[in-house]
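For reference, entry_17.tsv (TSV, C-alpha atoms):
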chain	number	residue	atom	x	y	z
A	90	MET	CA	-25.15	2.21	-27.61
A	91	LEU	CA	-21.77	3.60	-28.62
A	92	ALA	CA	-20.63	3.76	-25.00
A	93	GLY	CA	-21.57	0.11	-24.56
A	94	ASN	CA	-19.65	-0.83	-27.69
A	95	ARG	CA	-16.55	1.02	-26.52
A	96	VAL	CA	-16.47	-1.07	-23.36
A	97	ARG	CA	-16.47	-4.23	-25.56
A	98	ARG	CA	-17.53	-6.55	-22.73
A	99	GLU	CA	-20.07	-6.33	-19.95
A	100	ALA	CA	-18.40	-4.81	-16.91
A	101	GLY	CA	-19.32	-4.95	-13.23
A	102	ARG	CA	-19.71	-7.59	-10.59
A	103	PRO	CA	-22.42	-10.23	-11.15
A	104	ALA	CA	-24.56	-9.03	-8.21
A	105	GLU	CA	-24.40	-5.39	-9.35
A	106	ARG	CA	-25.79	-3.47	-12.28
A	107	ARG	CA	-23.60	-4.29	-15.26
A	108	PHE	CA	-22.89	-2.25	-18.36
A	109	GLY	CA	-21.49	-2.99	-21.75
A	110	PRO	CA	-22.50	-3.79	-25.33
A	111	LEU	CA	-25.18	-6.32	-24.39
A	112	SER	CA	-26.83	-4.09	-21.78
A	113	ALA	CA	-26.80	-1.16	-24.19
A	114	ALA	CA	-28.14	-3.28	-27.06
A	115	LEU	CA	-31.07	-4.45	-24.94
A	116	ILE	CA	-32.47	-0.93	-25.09
A	117	GLY	CA	-33.22	-1.35	-28.81
A	118	PRO	CA	-35.79	-4.15	-28.45
A	119	GLU	CA	-37.38	-2.35	-25.50
A	120	ASN	CA	-37.76	0.81	-27.60
A	121	ALA	CA	-39.20	-1.20	-30.49
A	122	ILE	CA	-41.85	-2.71	-28.19
A	123	ILE	CA	-42.76	0.73	-26.86
A	124	ALA	CA	-43.02	2.02	-30.45
A	125	GLY	CA	-45.37	-0.83	-31.37
A	126	ARG	CA	-42.87	-2.62	-33.60
A	127	PRO	CA	-42.70	-6.18	-32.21
A	128	GLY	CA	-41.15	-7.62	-35.38
A	129	LYS	CA	-38.28	-5.19	-35.13
A	130	ALA	CA	-37.87	-6.05	-31.43
A	131	ILE	CA	-37.48	-9.74	-32.27
A	132	ALA	CA	-35.01	-8.96	-35.06
A	133	LEU	CA	-32.96	-6.88	-32.62
A	134	PHE	CA	-33.04	-9.68	-30.03
A	135	LYS	CA	-31.58	-12.04	-32.63
A	136	ARG	CA	-28.65	-9.66	-33.21
A	137	LEU	CA	-27.66	-9.14	-29.56
A	138	PRO	CA	-23.88	-9.25	-28.96
A	139	ARG	CA	-24.00	-12.40	-26.82
A	140	SER	CA	-20.24	-12.90	-26.94
A	141	ALA	CA	-19.81	-9.66	-24.95
A	142	GLY	CA	-20.61	-11.35	-21.63
A	143	LEU	CA	-23.71	-11.37	-19.48
A	144	SER	CA	-25.84	-8.44	-18.40
A	145	ASP	CA	-27.17	-8.40	-14.85
A	146	LEU	CA	-30.09	-10.76	-14.34
A	147	SER	CA	-32.70	-8.07	-13.77
A	148	THR	CA	-31.85	-6.33	-17.05
A	149	TRP	CA	-31.81	-9.63	-18.92
A	150	ASP	CA	-35.07	-10.84	-17.37
A	151	ARG	CA	-36.84	-7.56	-18.19
A	152	ALA	CA	-35.64	-7.97	-21.77
A	153	ARG	CA	-37.05	-11.50	-21.80
A	154	LEU	CA	-40.44	-10.08	-20.77
A	155	ASP	CA	-40.17	-7.71	-23.73
A	156	ALA	CA	-39.41	-10.71	-25.95
A	157	ALA	CA	-42.47	-12.57	-24.66
A	158	ARG	CA	-44.66	-9.54	-25.36
A	159	ALA	CA	-43.19	-9.18	-28.86
A	160	HIS	CA	-43.95	-12.83	-29.63
A	161	ILE	CA	-47.57	-12.38	-28.55
A	162	GLN	CA	-47.89	-9.31	-30.74
A	163	ILE	CA	-46.55	-11.06	-33.85
A	164	GLY	CA	-48.87	-14.02	-33.30
A	165	ASP	CA	-46.55	-16.52	-31.63
A	166	PRO	CA	-48.16	-17.12	-28.21
A	167	ARG	CA	-46.46	-20.51	-27.95
A	168	ARG	CA	-43.00	-18.90	-27.83
A	169	ALA	CA	-44.26	-16.21	-25.45
A	170	THR	CA	-45.52	-18.94	-23.12
A	171	GLU	CA	-42.16	-20.71	-23.27
A	172	ILE	CA	-40.36	-17.52	-22.27
A	173	LEU	CA	-42.78	-16.86	-19.41
A	174	SER	CA	-42.34	-20.43	-18.20
A	175	GLU	CA	-38.54	-20.11	-18.33
A	176	LEU	CA	-38.70	-16.89	-16.31
A	177	LYS	CA	-40.99	-18.48	-13.75
A	178	ARG	CA	-38.57	-21.38	-13.30
A	179	ALA	CA	-35.49	-19.16	-13.10
A	180	ALA	CA	-36.76	-16.21	-11.06
A	181	PRO	CA	-40.25	-16.76	-9.62
A	182	GLU	CA	-39.98	-14.23	-6.80
A	183	TRP	CA	-38.67	-11.53	-9.14
A	184	LEU	CA	-41.31	-12.32	-11.75
A	185	ARG	CA	-44.18	-12.22	-9.27
A	186	HIS	CA	-43.53	-8.51	-8.65
A	187	GLN	CA	-43.18	-7.44	-12.29
A	188	GLN	CA	-46.12	-5.46	-13.65
A	189	ALA	CA	-44.74	-6.10	-17.14
A	190	GLY	CA	-45.13	-9.82	-16.47
A	191	GLN	CA	-48.76	-9.41	-15.47
A	192	ASP	CA	-49.42	-7.20	-18.49
A	193	THR	CA	-47.81	-9.75	-20.79
A	194	VAL	CA	-49.93	-12.56	-19.36
A	195	ARG	CA	-53.06	-10.45	-19.85
A	196	GLU	CA	-52.07	-9.88	-23.49
A	197	LEU	CA	-51.60	-13.62	-23.87
A	198	LEU	CA	-55.08	-14.27	-22.45
A	199	ASP	CA	-56.56	-11.66	-24.80
A	200	VAL	CA	-55.24	-13.38	-27.94
A	201	MET	CA	-55.87	-16.98	-26.92
A	202	PRO	CA	-59.52	-18.06	-26.94
A	203	ARG	CA	-58.56	-21.50	-25.59
A	204	LEU	CA	-55.54	-22.00	-23.39
A	205	THR	CA	-53.34	-25.03	-23.09
A	206	ALA	CA	-52.30	-26.15	-19.61
A	207	GLU	CA	-48.91	-24.52	-20.20
A	208	GLN	CA	-50.61	-21.23	-21.12
A	209	ARG	CA	-52.89	-21.36	-18.07
A	210	ALA	CA	-49.86	-21.67	-15.76
A	211	PRO	CA	-48.74	-18.00	-16.08
A	212	ALA	CA	-52.31	-16.82	-15.48
A	213	SER	CA	-52.51	-19.00	-12.41
A	214	PHE	CA	-49.13	-17.73	-11.21
A	215	TYR	CA	-50.43	-14.14	-11.29
A	216	GLU	CA	-53.90	-15.20	-10.11
A	217	ILE	CA	-55.46	-13.77	-13.28
A	218	THR	CA	-58.71	-15.36	-14.36
Mind turning this structure into structure tokens?
Amino acid sequence: MLAGNRVRREAGRPAERRFGPLSAALIGPENAIIAGRPGKAIALFKRLPRSAGLSDLSTWDRARLDAARAHIQIGDPRRATEILSELKRAAPEWLRHQQAGQDTVRELLDVMPRLTAEQRAPASFYEIT
């Protein structure tokens, strides 16, 4: 993360992989999810250096999938569904090919005995029954 902080702002062209404080900071929530600490992941998401510019879309969208998964794991499936819906609207073709997206939807289905129409939409998108 130190290297990202030294850059101070996200660097690179919008269509390319970018690097800077935001991209580096996004590794923290990802690591927290992997370590089974969803609460920490959400806390780290809230402290992201958003004034440092934008990361590339793929990096940001993968982080949003991590955020959705963290919300499921802390018992907030409504917020997870909102994030999945936002991703579907913004990048449906990208999302369709993300195993992490499918895994997140399966986790959502596992914790929700009854689904709202909004929660059924991601399952339908991935053709998960």
Next on the checklist: I want to know what sits within 9 Å of Val194 in chain A, based on all atoms listed in the file, with residues of the same chain fewer than 5 positions away left out; could you give that as a ChimeraX atom specification?
Outcome noted: /A:158,170,173,189,199,208,211-212,215,217
Next on the checklist: Show me, as a VMD selection string, the residues that have an atom within 10 Å of Arg168 in chain A when counting only C-alpha atoms, minus same-chain residues fewer than 3 positions from it.
Outcome noted: chain A and resid 156 to 161 164 to 165 171 to 174
Item to check | Within 10 Å of Gly128 in chain A using only C-alpha atoms, minus same-chain residues under 5 positions, as JSON, numbers by chain | outcome: {"A": [118, 121, 122, 133, 134, 159, 160, 162, 163]}
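Across the structure, CA of His186 in chain A and CA of Ala114 in chain A are spaced 24.6 Å apart.
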Item to check | Between CA of Arg151 in chain A and CA of Gln187 in chain A, distance in Å (one decimal) | outcome: 8.7 Å
Next on the checklist: Residues within 9 Å of Ser147 in chain A, please, as a PyMOL selection string. Count all atoms listed in the file; anything in the same chain fewer than 3 positions from it doesn't count.
Outcome noted: chain A and resi 106+144+150-152+183
Could the residues in this selection be saved with C-alpha atoms as a short mmCIF file (atom, residue, chain, number, x, y, z; two decimals), in the frame of the given file?
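Output file result.cif follows:
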data_model
loop_
_atom_site.label_atom_id
_atom_site.label_comp_id
_atom_site.auth_asym_id
_atom_site.auth_seq_id
_atom_site.Cartn_x
_atom_site.Cartn_y
_atom_site.Cartn_z
CA ARG A 106 -25.79 -3.47 -12.28
CA SER A 144 -25.84 -8.44 -18.40
CA ASP A 150 -35.07 -10.84 -17.37
CA ARG A 151 -36.84 -7.56 -18.19
CA ALA A 152 -35.64 -7.97 -21.77
CA TRP A 183 -38.67 -11.53 -9.14
#
Item to check | CA of Arg209 in chain A to CA of Ile116 in chain A, distance in Å rounded to a single decimal | outcome: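 Pair CA of Arg209 in chain A / CA of Ile116 in chain A returns 29.7 Å.
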Checklist outcome for this item: Residue with the minimum atom-to-atom distance to Pro138 in chain A, picked from A:Pro166, A:Asp192, A:Gly109, A:Glu119 with only C-alpha atoms counted, is A:Gly109
Box for range 148-155 of chain A - axis-aligned, 4 Å on each of the six sides, all listed atoms - centre and size in Å to one decimal, as JSON.
{"center_x": -36.1, "center_y": -8.9, "center_z": -20.4, "size_x": 16.6, "size_y": 13.2, "size_z": 14.7}
